[in-house]
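Colleague: Next up, input-v6.pdb (PDB, C-alpha atoms and all ligand atoms).
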```
ATOM      1  CA  MET K 270       0.000   0.000   0.000  1.00  0.00           C
ATOM      2  CA  LYS K 271       1.564   3.252  -1.144  1.00  0.00           C
ATOM      3  CA  ARG K 272      -0.406   5.333   1.398  1.00  0.00           C
ATOM      4  CA  SER K 273      -1.527   4.388   4.893  1.00  0.00           C
ATOM      5  CA  LEU K 274      -5.159   3.417   5.527  1.00  0.00           C
ATOM      6  CA  GLU K 275      -5.611   6.752   7.315  1.00  0.00           C
ATOM      7  CA  GLU K 276      -4.272   8.675   4.306  1.00  0.00           C
ATOM      8  CA  HIS K 277      -6.563   6.781   1.913  1.00  0.00           C
ATOM      9  CA  ALA K 278      -9.550   7.339   4.251  1.00  0.00           C
ATOM     10  CA  ALA K 279      -8.798  11.085   4.504  1.00  0.00           C
ATOM     11  CA  ARG K 280      -8.459  11.332   0.703  1.00  0.00           C
ATOM     12  CA  PHE K 281     -11.868   9.704   0.180  1.00  0.00           C
ATOM     13  CA  ASP K 282     -13.480  11.717   3.015  1.00  0.00           C
ATOM     14  CA  GLU K 283     -12.517  14.821   1.020  1.00  0.00           C
ATOM     15  CA  GLN K 284     -13.899  13.436  -2.270  1.00  0.00           C
ATOM     16  CA  ALA K 285     -17.099  11.945  -0.820  1.00  0.00           C
ATOM     17  CA  ASP K 286     -19.517  14.783  -1.670  1.00  0.00           C
ATOM     18  CA  ALA K 287     -18.420  14.955  -5.320  1.00  0.00           C
ATOM     19  CA  TYR K 288     -17.593  11.256  -5.865  1.00  0.00           C
ATOM     20  CA  ASP K 289     -20.816  10.180  -7.591  1.00  0.00           C
ATOM     21  CA  GLY K 290     -20.643  12.911 -10.230  1.00  0.00           C
ATOM     22  CA  ASP K 291     -17.151  12.036 -11.359  1.00  0.00           C
ATOM     23  CA  ASN K 292     -17.318   8.593 -13.013  1.00  0.00           C
ATOM     24  CA  SER K 293     -15.873   7.464 -16.377  1.00  0.00           C
ATOM     25  CA  PRO K 294     -17.751   5.244 -18.884  1.00  0.00           C
ATOM     26  CA  GLU K 295     -15.245   2.457 -18.096  1.00  0.00           C
ATOM     27  CA  TYR K 296     -16.006   2.741 -14.373  1.00  0.00           C
ATOM     28  CA  ARG K 297     -19.736   2.529 -15.182  1.00  0.00           C
ATOM     29  CA  ALA K 298     -19.236  -0.491 -17.470  1.00  0.00           C
ATOM     30  CA  CYS K 299     -17.159  -2.204 -14.781  1.00  0.00           C
ATOM     31  CA  ALA K 300     -19.770  -1.484 -12.079  1.00  0.00           C
ATOM     32  CA  ASP K 301     -22.559  -2.809 -14.331  1.00  0.00           C
ATOM     33  CA  LEU K 302     -20.638  -6.066 -14.913  1.00  0.00           C
ATOM     34  CA  VAL K 303     -19.995  -6.508 -11.174  1.00  0.00           C
ATOM     35  CA  ILE K 304     -23.716  -6.025 -10.483  1.00  0.00           C
ATOM     36  CA  GLU K 305     -24.692  -8.439 -13.284  1.00  0.00           C
ATOM     37  CA  HIS K 306     -22.265 -11.188 -12.196  1.00  0.00           C
ATOM     38  CA  ALA K 307     -23.046 -10.826  -8.464  1.00  0.00           C
ATOM     39  CA  ASP K 308     -26.662 -11.845  -9.163  1.00  0.00           C
ATOM     40  CA  PRO K 309     -27.685 -12.529  -5.522  1.00  0.00           C
ATOM     41  CA  ASP K 310     -30.745 -14.572  -4.562  1.00  0.00           C
ATOM     42  CA  GLY K 311     -33.447 -13.070  -2.374  1.00  0.00           C
ATOM     43  CA  ASP K 312     -32.100 -14.626   0.817  1.00  0.00           C
ATOM     44  CA  ASP K 313     -28.390 -14.013   0.112  1.00  0.00           C
ATOM     45  CA  THR K 314     -26.156 -11.836   2.252  1.00  0.00           C
ATOM     46  CA  VAL K 315     -23.843  -9.705   0.114  1.00  0.00           C
ATOM     47  CA  LEU K 316     -20.624  -8.122   1.386  1.00  0.00           C
ATOM     48  CA  ASP K 317     -19.324  -5.097  -0.587  1.00  0.00           C
ATOM     49  CA  LEU K 318     -15.709  -4.291   0.309  1.00  0.00           C
ATOM     50  CA  GLY K 319     -14.501  -0.742  -0.379  1.00  0.00           C
ATOM     51  CA  THR K 320     -18.178   0.095  -0.837  1.00  0.00           C
ATOM     52  CA  GLY K 321     -17.581   3.847  -1.047  1.00  0.00           C
ATOM     53  CA  THR K 322     -20.866   5.677  -1.636  1.00  0.00           C
ATOM     54  CA  GLY K 323     -22.580   2.302  -2.116  1.00  0.00           C
ATOM     55  CA  ALA K 324     -22.842   2.149  -5.930  1.00  0.00           C
ATOM     56  CA  ILE K 325     -22.716  -1.647  -6.001  1.00  0.00           C
ATOM     57  CA  ALA K 326     -24.266  -2.350  -2.583  1.00  0.00           C
ATOM     58  CA  LEU K 327     -27.342  -0.213  -3.277  1.00  0.00           C
ATOM     59  CA  ALA K 328     -27.841  -1.630  -6.776  1.00  0.00           C
ATOM     60  CA  LEU K 329     -27.819  -5.190  -5.366  1.00  0.00           C
ATOM     61  CA  ALA K 330     -29.985  -4.494  -2.298  1.00  0.00           C
ATOM     62  CA  PRO K 331     -33.417  -4.835  -3.994  1.00  0.00           C
ATOM     63  CA  ALA K 332     -32.537  -8.393  -5.137  1.00  0.00           C
ATOM     64  CA  ALA K 333     -30.615  -9.540  -2.029  1.00  0.00           C
ATOM     65  CA  GLY K 334     -31.636 -10.502   1.483  1.00  0.00           C
ATOM     66  CA  HIS K 335     -29.113  -8.295   3.247  1.00  0.00           C
ATOM     67  CA  VAL K 336     -26.205  -6.117   2.095  1.00  0.00           C
ATOM     68  CA  ILE K 337     -23.200  -5.245   4.246  1.00  0.00           C
ATOM     69  CA  GLY K 338     -21.032  -2.370   2.972  1.00  0.00           C
ATOM     70  CA  ARG K 339     -17.577  -1.905   4.439  1.00  0.00           C
ATOM     71  CA  ASP K 340     -15.186   0.986   3.878  1.00  0.00           C
ATOM     72  CA  ILE K 341     -12.417   2.865   5.678  1.00  0.00           C
ATOM     73  CA  SER K 342     -13.879   6.331   4.869  1.00  0.00           C
ATOM     74  CA  GLU K 343     -16.719   7.589   7.074  1.00  0.00           C
ATOM     75  CA  GLY K 344     -17.406  10.363   4.528  1.00  0.00           C
ATOM     76  CA  MET K 345     -18.076   7.763   1.805  1.00  0.00           C
ATOM     77  CA  ARG K 346     -20.131   5.570   4.182  1.00  0.00           C
ATOM     78  CA  GLU K 347     -22.287   8.565   5.137  1.00  0.00           C
ATOM     79  CA  GLN K 348     -23.125   9.163   1.470  1.00  0.00           C
ATOM     80  CA  ALA K 349     -24.086   5.487   1.101  1.00  0.00           C
ATOM     81  CA  ARG K 350     -26.370   5.634   4.160  1.00  0.00           C
ATOM     82  CA  GLY K 351     -28.047   8.785   2.851  1.00  0.00           C
ATOM     83  CA  LYS K 352     -28.744   7.171  -0.524  1.00  0.00           C
ATOM     84  CA  ALA K 353     -30.107   4.004   1.124  1.00  0.00           C
ATOM     85  CA  ALA K 354     -32.517   6.131   3.181  1.00  0.00           C
ATOM     86  CA  ASP K 355     -33.568   8.165   0.113  1.00  0.00           C
ATOM     87  CA  ARG K 356     -34.353   4.921  -1.750  1.00  0.00           C
ATOM     88  CA  GLY K 357     -36.200   3.366   1.192  1.00  0.00           C
ATOM     89  CA  LEU K 358     -33.771   0.422   1.396  1.00  0.00           C
ATOM     90  CA  ASP K 359     -33.859  -1.087   4.866  1.00  0.00           C
ATOM     91  CA  ASN K 360     -31.717  -4.186   4.224  1.00  0.00           C
ATOM     92  CA  THR K 361     -28.347  -2.404   3.976  1.00  0.00           C
ATOM     93  CA  GLU K 362     -25.786  -1.472   6.603  1.00  0.00           C
ATOM     94  CA  PHE K 363     -22.624   0.546   6.096  1.00  0.00           C
ATOM     95  CA  GLY K 364     -19.827   0.433   8.657  1.00  0.00           C
ATOM     96  CA  GLU K 365     -16.075   0.555   9.143  1.00  0.00           C
ATOM     97  CA  GLY K 366     -14.208  -2.437   7.749  1.00  0.00           C
ATOM     98  CA  ARG K 367     -11.181  -3.287   5.635  1.00  0.00           C
ATOM     99  CA  PHE K 368     -10.316  -5.852   3.026  1.00  0.00           C
ATOM    100  CA  ARG K 369      -8.166  -7.764   5.480  1.00  0.00           C
ATOM    101  CA  ASP K 370     -10.528  -7.237   8.433  1.00  0.00           C
ATOM    102  CA  PRO K 371     -14.117  -6.762   7.212  1.00  0.00           C
ATOM    103  CA  ASN K 372     -15.406  -6.369  10.773  1.00  0.00           C
ATOM    104  CA  LEU K 373     -18.566  -8.384  10.148  1.00  0.00           C
ATOM    105  CA  PRO K 374     -21.481  -8.556  12.576  1.00  0.00           C
ATOM    106  CA  ASP K 375     -21.391 -11.632  14.841  1.00  0.00           C
ATOM    107  CA  GLY K 376     -22.750 -14.681  13.076  1.00  0.00           C
ATOM    108  CA  ALA K 377     -22.858 -13.052   9.609  1.00  0.00           C
ATOM    109  CA  ASP K 378     -22.931 -15.685   6.906  1.00  0.00           C
ATOM    110  CA  VAL K 379     -21.781 -14.143   3.631  1.00  0.00           C
ATOM    111  CA  ASP K 380     -22.974 -15.674   0.326  1.00  0.00           C
ATOM    112  CA  VAL K 381     -21.611 -13.220  -2.245  1.00  0.00           C
ATOM    113  CA  VAL K 382     -18.637 -10.844  -1.945  1.00  0.00           C
ATOM    114  CA  VAL K 383     -18.238  -7.930  -4.362  1.00  0.00           C
ATOM    115  CA  SER K 384     -15.696  -5.162  -4.699  1.00  0.00           C
ATOM    116  CA  ASN K 385     -15.427  -2.452  -7.333  1.00  0.00           C
ATOM    117  CA  PHE K 386     -12.552  -0.048  -8.009  1.00  0.00           C
ATOM    118  CA  ALA K 387     -11.083  -0.392  -4.510  1.00  0.00           C
ATOM    119  CA  MET K 388      -8.621  -3.290  -4.171  1.00  0.00           C
ATOM    120  CA  HIS K 389      -5.998  -1.539  -6.320  1.00  0.00           C
ATOM    121  CA  HIS K 390      -5.106   0.578  -3.268  1.00  0.00           C
ATOM    122  CA  LEU K 391      -3.493  -2.509  -1.716  1.00  0.00           C
ATOM    123  CA  SER K 392      -0.052  -3.887  -2.582  1.00  0.00           C
ATOM    124  CA  ASP K 393       0.003  -7.257  -4.335  1.00  0.00           C
ATOM    125  CA  ALA K 394       0.935  -9.024  -1.059  1.00  0.00           C
ATOM    126  CA  GLU K 395      -1.945  -7.261   0.701  1.00  0.00           C
ATOM    127  CA  LYS K 396      -4.335  -8.203  -2.127  1.00  0.00           C
ATOM    128  CA  ARG K 397      -3.308 -11.833  -1.662  1.00  0.00           C
ATOM    129  CA  ASP K 398      -4.035 -11.573   2.103  1.00  0.00           C
ATOM    130  CA  ALA K 399      -7.367  -9.890   1.326  1.00  0.00           C
ATOM    131  CA  ILE K 400      -8.356 -12.648  -1.117  1.00  0.00           C
ATOM    132  CA  GLU K 401      -7.469 -15.274   1.523  1.00  0.00           C
ATOM    133  CA  THR K 402      -9.578 -13.386   4.089  1.00  0.00           C
ATOM    134  CA  ILE K 403     -12.479 -13.319   1.628  1.00  0.00           C
ATOM    135  CA  ALA K 404     -12.067 -17.060   0.906  1.00  0.00           C
ATOM    136  CA  SER K 405     -12.179 -17.737   4.668  1.00  0.00           C
ATOM    137  CA  LEU K 406     -15.709 -16.237   4.736  1.00  0.00           C
ATOM    138  CA  GLU K 407     -16.708 -19.122   2.432  1.00  0.00           C
ATOM    139  CA  PRO K 408     -18.848 -17.166  -0.062  1.00  0.00           C
ATOM    140  CA  THR K 409     -20.115 -19.030  -3.105  1.00  0.00           C
ATOM    141  CA  ARG K 410     -18.945 -16.193  -5.348  1.00  0.00           C
ATOM    142  CA  PHE K 411     -16.523 -13.262  -5.316  1.00  0.00           C
ATOM    143  CA  VAL K 412     -16.853 -10.640  -8.061  1.00  0.00           C
ATOM    144  CA  LEU K 413     -13.950  -8.223  -8.343  1.00  0.00           C
ATOM    145  CA  GLY K 414     -14.105  -5.208 -10.646  1.00  0.00           C
ATOM    146  CA  ASP K 415     -11.004  -3.076 -10.571  1.00  0.00           C
ATOM    147  CA  VAL K 416      -8.078  -1.459 -12.258  1.00  0.00           C
ATOM    148  CA  MET K 417      -5.983  -4.436 -13.418  1.00  0.00           C
ATOM    149  CA  PHE K 418      -3.405  -4.841 -16.165  1.00  0.00           C
ATOM    150  CA  PHE K 419      -4.279  -7.030 -19.159  1.00  0.00           C
ATOM    151  CA  GLY K 420      -1.067  -5.907 -20.877  1.00  0.00           C
ATOM    152  CA  THR K 421       1.964  -3.843 -19.944  1.00  0.00           C
ATOM    153  CA  PRO K 422       1.131  -1.214 -17.276  1.00  0.00           C
ATOM    154  CA  ASP K 423       0.936   2.296 -18.696  1.00  0.00           C
ATOM    155  CA  PRO K 424       0.727   4.998 -16.010  1.00  0.00           C
ATOM    156  CA  ASP K 425      -0.054   7.585 -18.721  1.00  0.00           C
ATOM    157  CA  GLU K 426      -3.296   5.746 -19.507  1.00  0.00           C
ATOM    158  CA  PRO K 427      -6.278   6.603 -17.272  1.00  0.00           C
ATOM    159  CA  PHE K 428      -7.659   4.847 -14.171  1.00  0.00           C
ATOM    160  CA  TYR K 429      -4.721   4.876 -11.783  1.00  0.00           C
ATOM    161  CA  SER K 430      -2.158   7.134 -10.298  1.00  0.00           C
ATOM    162  CA  PRO K 431       1.173   5.452  -9.518  1.00  0.00           C
ATOM    163  CA  ASP K 432       1.623   7.728  -6.475  1.00  0.00           C
ATOM    164  CA  VAL K 433      -1.346   6.327  -4.596  1.00  0.00           C
ATOM    165  CA  ASP K 434      -2.524   3.223  -6.475  1.00  0.00           C
ATOM    166  CA  ASP K 435      -0.948  -0.194  -6.926  1.00  0.00           C
ATOM    167  CA  PRO K 436      -2.957  -2.241  -9.465  1.00  0.00           C
ATOM    168  CA  ALA K 437      -1.996  -5.863 -10.154  1.00  0.00           C
ATOM    169  CA  THR K 438      -1.705  -7.770 -13.402  1.00  0.00           C
ATOM    170  CA  VAL K 439      -4.623 -10.063 -14.220  1.00  0.00           C
ATOM    171  CA  GLY K 440      -2.224 -13.020 -13.894  1.00  0.00           C
ATOM    172  CA  THR K 441      -1.224 -12.034 -10.343  1.00  0.00           C
ATOM    173  CA  LEU K 442      -4.879 -11.774  -9.315  1.00  0.00           C
ATOM    174  CA  VAL K 443      -5.815 -15.080 -10.956  1.00  0.00           C
ATOM    175  CA  ASP K 444      -2.942 -16.835  -9.116  1.00  0.00           C
ATOM    176  CA  ALA K 445      -4.080 -15.345  -5.787  1.00  0.00           C
ATOM    177  CA  PHE K 446      -7.681 -16.443  -6.428  1.00  0.00           C
ATOM    178  CA  THR K 447      -6.778 -19.993  -7.367  1.00  0.00           C
ATOM    179  CA  ASP K 448      -4.287 -20.348  -4.471  1.00  0.00           C
ATOM    180  CA  ALA K 449      -7.126 -19.325  -2.126  1.00  0.00           C
ATOM    181  CA  GLY K 450      -9.383 -22.097  -3.503  1.00  0.00           C
ATOM    182  CA  PHE K 451     -11.433 -20.110  -6.006  1.00  0.00           C
ATOM    183  CA  ALA K 452     -12.078 -21.165  -9.610  1.00  0.00           C
ATOM    184  CA  LEU K 453     -12.260 -18.330 -12.143  1.00  0.00           C
ATOM    185  CA  THR K 454     -15.543 -18.580 -14.064  1.00  0.00           C
ATOM    186  CA  ALA K 455     -15.348 -15.309 -16.026  1.00  0.00           C
ATOM    187  CA  VAL K 456     -12.764 -12.720 -16.985  1.00  0.00           C
ATOM    188  CA  GLU K 457     -14.239  -9.553 -18.507  1.00  0.00           C
ATOM    189  CA  ARG K 458     -11.916  -6.993 -20.103  1.00  0.00           C
ATOM    190  CA  VAL K 459     -13.462  -3.508 -20.016  1.00  0.00           C
ATOM    191  CA  HIS K 460     -10.252  -1.689 -20.996  1.00  0.00           C
ATOM    192  CA  ASP K 461      -6.590  -2.707 -21.117  1.00  0.00           C
ATOM    193  CA  GLN K 462      -6.362  -1.485 -17.504  1.00  0.00           C
ATOM    194  CA  VAL K 463      -9.859  -2.266 -16.161  1.00  0.00           C
ATOM    195  CA  GLY K 464     -11.567  -5.623 -15.769  1.00  0.00           C
ATOM    196  CA  VAL K 465     -13.909  -7.865 -13.832  1.00  0.00           C
ATOM    197  CA  LEU K 466     -13.003 -11.291 -12.438  1.00  0.00           C
ATOM    198  CA  VAL K 467     -15.665 -13.723 -11.278  1.00  0.00           C
ATOM    199  CA  ALA K 468     -14.481 -16.395  -8.862  1.00  0.00           C
ATOM    200  CA  GLU K 469     -16.432 -19.270  -7.380  1.00  0.00           C
ATOM    201  CA  ARG K 470     -15.363 -21.447  -4.505  1.00  0.00           C
ATOM    202  CA  VAL K 471     -14.253 -24.956  -5.318  1.00  0.00           C
ATOM    203  CA  PRO K 472     -16.266 -27.230  -2.982  1.00  0.00           C
ATOM    204  CA  MET K 473     -14.041 -29.486  -0.864  1.00  0.00           C
ATOM    205  CA  LYS K 474     -14.501 -33.136  -1.929  1.00  0.00           C
ATOM    206  CA  PRO K 475     -15.280 -35.462   0.987  1.00  0.00           C
ATOM    207  CA  PRO K 476     -12.631 -38.214   1.306  1.00  0.00           C
ATOM    208  CA  ALA K 477     -13.555 -41.425  -0.562  1.00  0.00           C
ATOM    209  CA  GLU K 478     -15.077 -44.108   1.703  1.00  0.00           C
ATOM    210  CA  ASP K 479     -12.216 -46.567   1.209  1.00  0.00           C
ATOM    211  CA  SER K 480      -9.344 -44.033   1.307  1.00  0.00           C
ATOM    212  CA  PRO K 481      -6.727 -44.764   4.019  1.00  0.00           C
TER     213      PRO K 481
HETATM  214  C1  LIG B   1     -12.645   4.492  -5.933  1.00  0.00           C
HETATM  215  S1  LIG B   1     -13.657   4.180  -4.498  1.00  0.00           S
HETATM  216  C2  LIG B   1     -14.791   2.936  -5.101  1.00  0.00           C
HETATM  217  C3  LIG B   1     -16.066   2.915  -4.315  1.00  0.00           C
HETATM  218  C4  LIG B   1     -17.165   1.963  -4.819  1.00  0.00           C
HETATM  219  N1  LIG B   1     -16.788   0.591  -4.688  1.00  0.00           N
HETATM  220  C5  LIG B   1     -17.577   2.253  -6.234  1.00  0.00           C
HETATM  221  O1  LIG B   1     -17.598   1.333  -7.066  1.00  0.00           O
HETATM  222  O2  LIG B   1     -17.931   3.413  -6.526  1.00  0.00           O
HETATM  223  C6  LIG B   1     -12.537   3.226  -3.478  1.00  0.00           C
HETATM  224  C7  LIG B   1     -13.046   3.026  -2.055  1.00  0.00           C
HETATM  225  O3  LIG B   1     -12.201   2.056  -1.419  1.00  0.00           O
HETATM  226  C8  LIG B   1     -12.028   2.434  -0.070  1.00  0.00           C
HETATM  227  N2  LIG B   1     -10.831   1.753   0.441  1.00  0.00           N
HETATM  228  C9  LIG B   1      -9.543   2.005   0.139  1.00  0.00           C
HETATM  229  N3  LIG B   1      -8.733   1.139   0.789  1.00  0.00           N
HETATM  230  C10 LIG B   1      -9.549   0.314   1.517  1.00  0.00           C
HETATM  231  C11 LIG B   1      -9.328  -0.788   2.399  1.00  0.00           C
HETATM  232  N4  LIG B   1      -8.097  -1.228   2.673  1.00  0.00           N
HETATM  233  N5  LIG B   1     -10.402  -1.392   2.960  1.00  0.00           N
HETATM  234  C12 LIG B   1     -11.674  -0.965   2.695  1.00  0.00           C
HETATM  235  N6  LIG B   1     -11.939   0.087   1.876  1.00  0.00           N
HETATM  236  C13 LIG B   1     -10.901   0.711   1.289  1.00  0.00           C
HETATM  237  C14 LIG B   1     -11.953   3.963  -0.121  1.00  0.00           C
HETATM  238  O4  LIG B   1     -12.227   4.567   1.112  1.00  0.00           O
HETATM  239  C15 LIG B   1     -12.990   4.285  -1.192  1.00  0.00           C
HETATM  240  O5  LIG B   1     -14.254   4.517  -0.629  1.00  0.00           O
END
```
Would you kindly transcribe this structure into structure tokens?
Ligand SMILES: C[S@@+](CC[C@H](N)C(=O)[O-])C[C@H]1O[C@@H](n2cnc3c(N)ncnc32)[C@H](O)[C@@H]1O
Modeller:
Amino acid sequence: MKRSLEEHAARFDEQADAYDGDNSPEYRACADLVIEHADPDGDDTVLDLGTGTGAIALALAPAAGHVIGRDISEGMREQARGKAADRGLDNTEFGEGRFRDPNLPDGADVDVVVSNFAMHHLSDAEKRDAIETIASLEPTRFVLGDVMFFGTPDPDEPFYSPDVDDPATVGTLVDAFTDAGFALTAVERVHDQVGVLVAERVPMKPPAEDSP
């Protein structure tokens, strides 16, 4: 992580009021794909990590049982709560939590994890830890939309700033997913530096009856 959690939180606190008006077509396409692939059932609990102003969480709430949004920025969380109230959504909650410590309510049983345009703030080692943390929650599906490199990184192209962001290559992310027990079921390229990965958990096979 090129900035501390506190620095990232302060940066997003400052941007929170204007955040929703400042989105690129690629961001929108990425968000739409995350929403489409998340596809929760009516009794599913969805966890949105780096939820920000709740773009993904609030879009999924009408179809899901319960939606938990976690973010390090109280300014962003406040915006999400305001929008949930405006839309009359009473199955969402937005609180402090991080990729590597989502700070879930006691007994929460997460079915679907989503994250959009947020994990690129972590270093590759931290992303790997975050993906292991997410796997330990045993969701059926994890949908990650983010800045990610399909080719050679080009800091002069849009979507990331090398001073504060640390996107991974698609290959690095796929390795981290598979090492954590996920199987990749879709890879969507939105732009050479933006994509969506859909990962499902590989069910553990019970040992064969006659195995030693
Ligand atoms: C670019 S915004 C994306 C917000 C939202 N997911 C969306 O699609 O609009 C990135 C968000 O990630 C949050 N964030 C950054 N690092 C984080 C971390 N380690 N854990 C949780 N949230 C984090 C920031 O506070 C910010 O709200």
Colleague: Would you work out the distance separating CA of Ala452 (chain K) from atom C2 of ligand LIG 1 (chain B), expressed in Å to one decimal?
Modeller: 24.7 Å
Colleague: Go through the shown structure with the PyMOL selection byres (((chain K and resi 420-436) around 12) and not hetatm) and write out the matching residues as a ChimeraX atom specification.
Modeller: /K:270-274,276-277,280,292-296,299,386-396,414-419,437-442,458-464
Colleague: The selected residues should be written to file as a tab-separated table (two decimals), in the coordinates of the input (atoms: C-alpha atoms).
Modeller:
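The result, stored in part-v4.tsv:
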```tsv
chain	number	residue	atom	x	y	z
K	270	MET	CA	0.00	0.00	0.00
K	271	LYS	CA	1.56	3.25	-1.14
K	272	ARG	CA	-0.41	5.33	1.40
K	273	SER	CA	-1.53	4.39	4.89
K	274	LEU	CA	-5.16	3.42	5.53
K	276	GLU	CA	-4.27	8.68	4.31
K	277	HIS	CA	-6.56	6.78	1.91
K	280	ARG	CA	-8.46	11.33	0.70
K	292	ASN	CA	-17.32	8.59	-13.01
K	293	SER	CA	-15.87	7.46	-16.38
K	294	PRO	CA	-17.75	5.24	-18.88
K	295	GLU	CA	-15.24	2.46	-18.10
K	296	TYR	CA	-16.01	2.74	-14.37
K	299	CYS	CA	-17.16	-2.20	-14.78
K	386	PHE	CA	-12.55	-0.05	-8.01
K	387	ALA	CA	-11.08	-0.39	-4.51
K	388	MET	CA	-8.62	-3.29	-4.17
K	389	HIS	CA	-6.00	-1.54	-6.32
K	390	HIS	CA	-5.11	0.58	-3.27
K	391	LEU	CA	-3.49	-2.51	-1.72
K	392	SER	CA	-0.05	-3.89	-2.58
K	393	ASP	CA	0.00	-7.26	-4.34
K	394	ALA	CA	0.94	-9.02	-1.06
K	395	GLU	CA	-1.94	-7.26	0.70
K	396	LYS	CA	-4.34	-8.20	-2.13
K	414	GLY	CA	-14.10	-5.21	-10.65
K	415	ASP	CA	-11.00	-3.08	-10.57
K	416	VAL	CA	-8.08	-1.46	-12.26
K	417	MET	CA	-5.98	-4.44	-13.42
K	418	PHE	CA	-3.40	-4.84	-16.16
K	419	PHE	CA	-4.28	-7.03	-19.16
K	437	ALA	CA	-2.00	-5.86	-10.15
K	438	THR	CA	-1.70	-7.77	-13.40
K	439	VAL	CA	-4.62	-10.06	-14.22
K	440	GLY	CA	-2.22	-13.02	-13.89
K	441	THR	CA	-1.22	-12.03	-10.34
K	442	LEU	CA	-4.88	-11.77	-9.32
K	458	ARG	CA	-11.92	-6.99	-20.10
K	459	VAL	CA	-13.46	-3.51	-20.02
K	460	HIS	CA	-10.25	-1.69	-21.00
K	461	ASP	CA	-6.59	-2.71	-21.12
K	462	GLN	CA	-6.36	-1.48	-17.50
K	463	VAL	CA	-9.86	-2.27	-16.16
K	464	GLY	CA	-11.57	-5.62	-15.77
```
Colleague: Show which residues sit within 12 Å of Glu343 (chain K), as a PDB file with C-alpha atoms, keeping the file's coordinate frame. Count all atoms listed in the file, and ignore same-chain residues fewer than 2 positions away.
Modeller:
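Result written to result.pdb:
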```pdb
ATOM      1  CA  GLU K 275      -5.611   6.752   7.315  1.00  0.00           C
ATOM      2  CA  HIS K 277      -6.563   6.781   1.913  1.00  0.00           C
ATOM      3  CA  ALA K 278      -9.550   7.339   4.251  1.00  0.00           C
ATOM      4  CA  ALA K 279      -8.798  11.085   4.504  1.00  0.00           C
ATOM      5  CA  ARG K 280      -8.459  11.332   0.703  1.00  0.00           C
ATOM      6  CA  PHE K 281     -11.868   9.704   0.180  1.00  0.00           C
ATOM      7  CA  ASP K 282     -13.480  11.717   3.015  1.00  0.00           C
ATOM      8  CA  GLU K 283     -12.517  14.821   1.020  1.00  0.00           C
ATOM      9  CA  GLN K 284     -13.899  13.436  -2.270  1.00  0.00           C
ATOM     10  CA  ALA K 285     -17.099  11.945  -0.820  1.00  0.00           C
ATOM     11  CA  ASP K 286     -19.517  14.783  -1.670  1.00  0.00           C
ATOM     12  CA  GLY K 319     -14.501  -0.742  -0.379  1.00  0.00           C
ATOM     13  CA  THR K 320     -18.178   0.095  -0.837  1.00  0.00           C
ATOM     14  CA  GLY K 321     -17.581   3.847  -1.047  1.00  0.00           C
ATOM     15  CA  THR K 322     -20.866   5.677  -1.636  1.00  0.00           C
ATOM     16  CA  GLY K 338     -21.032  -2.370   2.972  1.00  0.00           C
ATOM     17  CA  ARG K 339     -17.577  -1.905   4.439  1.00  0.00           C
ATOM     18  CA  ASP K 340     -15.186   0.986   3.878  1.00  0.00           C
ATOM     19  CA  ILE K 341     -12.417   2.865   5.678  1.00  0.00           C
ATOM     20  CA  MET K 345     -18.076   7.763   1.805  1.00  0.00           C
ATOM     21  CA  ARG K 346     -20.131   5.570   4.182  1.00  0.00           C
ATOM     22  CA  GLU K 347     -22.287   8.565   5.137  1.00  0.00           C
ATOM     23  CA  GLN K 348     -23.125   9.163   1.470  1.00  0.00           C
ATOM     24  CA  ALA K 349     -24.086   5.487   1.101  1.00  0.00           C
ATOM     25  CA  ARG K 350     -26.370   5.634   4.160  1.00  0.00           C
ATOM     26  CA  PHE K 363     -22.624   0.546   6.096  1.00  0.00           C
ATOM     27  CA  GLY K 364     -19.827   0.433   8.657  1.00  0.00           C
ATOM     28  CA  GLU K 365     -16.075   0.555   9.143  1.00  0.00           C
ATOM     29  CA  GLY K 366     -14.208  -2.437   7.749  1.00  0.00           C
TER      30      GLY K 366
END
```
Colleague: I'd like the neighbourhood of region 310-318 of chain K as a list of chain:residue names, where a residue qualifies if any of its atoms comes within 7 Å (using all atoms listed in the file), though same-chain residues fewer than 5 positions away should be ignored.
Modeller: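 Here the qualifying residues turn out to be K:Ala326, K:Ala332, K:Ala333, K:Gly334, K:His335, K:Val336, K:Ile337, K:Gly338, K:Arg339, K:Asp340, K:Phe368, K:Asp378, K:Val379, K:Asp380, K:Val381, K:Val382, K:Val383, K:Ser384.
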Colleague: Taking (-20.5, -22.2, -3.9) in the file's own coordinates, collect the residues within 7 Å, counting all atoms listed in the file, and hand them back as a PyMOL selection string.
Modeller: chain K and resi 408-410+469-472
Colleague: Calculate, to one decimal in Å, the centre and edge lengths of the box along x, y and z of the file that holds all listed atoms of ligand LIG 1 (chain B) with 8 Å of margin on each side, and present them as JSON.
Modeller:
```
{"center_x": -13.0, "center_y": 1.6, "center_z": -2.1, "size_x": 25.8, "size_y": 22.0, "size_z": 26.0}
```
Colleague: Just so the selection is clear, what residues does the PyMOL selection byres (((chain K and resi 453) around 7) and not hetatm) cover here, as a list in words?
Modeller: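 For this structure, the PyMOL selection byres (((chain K and resi 453) around 7) and not hetatm) captures Phe451, Ala452, Thr454, Ala455, Val467, Ala468 and Glu469 of chain K.
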Colleague: Considering all atoms listed in the file, can you say which of K:Ala353, K:Ala307, K:Gly323, K:Pro374 comes closest to ligand LIG 1 (chain B)?
Modeller: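 Under the stated criterion, the closest residue is K:Gly323.
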Colleague: Which is closer to Asn360 (chain K) than all the others in K:Asp448, K:Asp375, K:Ala328, K:Asn385, using all atoms listed in the file?
Modeller: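 So, comparing all the options, the nearest one is K:Ala328.
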Colleague: Pick out the closest residue to ligand LIG 1 (chain B) from this set: K:Gly351, K:Pro476, K:Gly450, K:Gly290. Count all atoms listed in the file.
Modeller: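 Comparing K:Gly351, K:Pro476, K:Gly450, K:Gly290 against ligand LIG 1 (chain B), the winner is K:Gly290.
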